[in-house]
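One structure below.
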Amino acid sequence: MTTEAAAPTASTSTAPTARTVWTRTRGIVLAAVLLLAAAVAIAAVRSTERHGQLDPRSADPNGSRAVAQLLADRGVTTRVVTTLRAARAAAGPDTTLLVAVPDRLTKGQQSELHRATAPSGGRTVLVGASGWSVGRLAPGVSADPADSLGSTLAPACALPEARRAGSADTGGVRYTTTRLDADSCYPSARLATLLRVPAASGGDTVVLGAPDILYNDRLDKRGNASLALQLLGSRPHLVWYLPSLSDTPAADDDKSFFDLIPSGWPWATLQLFIAAVLAAFWRGRRFGPLVPERLPVAIRASETAEGRARLYRKANARDRAAAALRSAARTRLAPLVGVPVAQAHAPEALLPALSAHLPGDGQDLRPLLFGPPPGDDTALIALTDQLDALEREVRRS
């Protein structure tokens with residue numbers, strides 16, 4: 001084989017252009033923009049709807065200013081506190097303590113609040129307490145995992161406040177209790193959505209499954225106003241406890257990292273994990289065995305050889321290049337000296353035949369045909385020239 005200097009040709013870049021990148025990614029970018037816009041819109045709507053929720057100072061639909069004003073007309077004072085220390089200090093026989101979001105308290109805070117309210121002789125109202133908090137704030141009471149299907153329920157109990165109010169929007173968390181002296185009202189599938197548990201000190205704890213009767217936009221529906229005023233107006237003072245995220249937890253709190261995760265996130269994480277596994281199976285499916293496909297255009301052998309040589313040079317793979325050159329040379333030389341092609345790569349068969357075919361006293365062809373790889377590009381070029389010269393000499397002889 002002969003080596004000729006190839007004429008310099010303009011190299012074709014395989015790097016994707018900006019237009020190609022945009023064409024490939026515009027669908028993903030558009031989907032990301034739509035998701036971001038939807039998230040911002042949902043966050044804006046939810047923030048508008050939930051602004052001032054259960055705050056007796058807020059006139060928003062989910063606020064509770066209307067309840068506070070009606071209580072004030074009846075001589076009940078309302079005071080808002082946002083710390084556990086203030087809530088504990090306010091507990092007393094002439095005070096109703098309303099805990100707006102019990103689940104926001106840590107375990108230690110819940111236990112500490114119960115220790116302060118149980119012997120106070122006052123009333124404690126827990127709004128929407130779930131299984132995370134109700135067992136510590138109201139011992140003997142547990143929350144059912146499934147909420148009430150309906151929102152408007154009938155009292156179906158002997159509690160005077162419930163009987164006077166009639167039907168109300170109490171449907172939410174459902175409760176069960178082991179206390180035989182508890183009043184179970186507004187049942188949904190035989191589980192109460194309002195419980196009154198008396199205390200030995202003369203006070204009591206009211207567990208309310210839903211905050212709807214306290215909202216401004218729901219107060220005039222059915223018996224919501226009557227029930228809210230009776231539950232919160234039994235004492236001359238109402239302390240409205242809105243737990244804040246800045247409230248310092250109790251020193252003995254043993255809340256773990258998993259306790260800090262909201263209740264819905266573990267289930268959502270499990271769903272995402274299952275979706276990821278299914279996506280992996282979907283993307284990793286086999287499409288069957290490989291099928292040879294004809295190229296749309298014919299490629300000249302010289303271009304293929306040049307491209308392969310460039311790849312070898314880029315990878316600095318002189319050993320593979322030398323092995324390919326020697327293997328091709330042995331394959332062409334074997335038929336010329338009467339050696340079967342199947343034995344062309346066996347030194348004990350090819351080398352004696354070459355020595356007998358060449359004139360002179362013979363030369364050691366083992367380093368040339370079966371030697372080590374060259375150490376640099378210059379040695380590789382020299383090896384190519386020597387193999388070419390050997391093939392020409394064998395053909396002439």
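In the structure tokens, each chain is lettered A, B, ... as it comes, each chain's residues begin at 1, and ligands are numbered from 1 in order of appearance.
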Open item on the list: For the structure I just gave you, how does DSSP split region 8-251 of chain A - specifically, which residues are alpha helix (DSSP H)? Reply as a PyMOL selection string.
Closed with: chain A and resi 18-50+65-73+84-90+107-117+134-137+160-165+224-232
- [ ] Apply DSSP to the structure's backbone, then extract all residues of region 105-341 of chain A labelled strand (DSSP E) and return them as an MDAnalysis selection string.
- [x] chainID A and resid 123:127 141:143 175:177 183:188 191:198 204:208 237:241
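Restricting the calculation to only C-alpha atoms, the smallest distance between Pro56 (chain A) and any of A:Leu238, A:Val207, A:Val197, A:Leu231 is found for A:Leu238.
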Open item on the list: For a quick check of understanding, using only C-alpha atoms, which of A:Ala305, A:Leu232, A:Val394, A:Pro340 has the smallest distance to Arg74 (chain A)?
Closed with: A:Leu232
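Closest approach to Ala324 (chain A) among A:Gly135, A:Gly63, A:Pro93, A:Pro373 is made by A:Pro373 (distances from only C-alpha atoms).
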Task: Shell around region 311-323 of chain A at 8 Å using only C-alpha atoms, local window under 6 positions removed, as a VMD selection string - done: chain A and resid 373 to 377 380 383
Residues from last step as file, C-alpha atoms, as a tab-separated table (two decimals), in the first residue's frame:
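File produced: part-v7.tsv:
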```
chain	number	residue	atom	x	y	z
A	373	PRO	CA	3.25	-0.81	18.88
A	374	PRO	CA	5.20	2.29	17.81
A	375	GLY	CA	6.05	4.86	20.42
A	376	ASP	CA	5.15	8.00	18.49
A	377	ASP	CA	3.60	9.21	15.23
A	380	LEU	CA	3.94	4.78	13.08
A	383	LEU	CA	6.02	1.26	10.11
```
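If you look at CA of Val134 (chain A) and CA of Gln110 (chain A), they are 8.9 Å away from each other.
Distance check against Ser188 (chain A) using only C-alpha atoms: of A:Gly202, A:Gly122, A:Pro335, A:Gly172, the minimum falls on A:Gly172.
Note that CA of Ala334 (chain A) and CA of Leu350 (chain A) are 6.6 Å apart.
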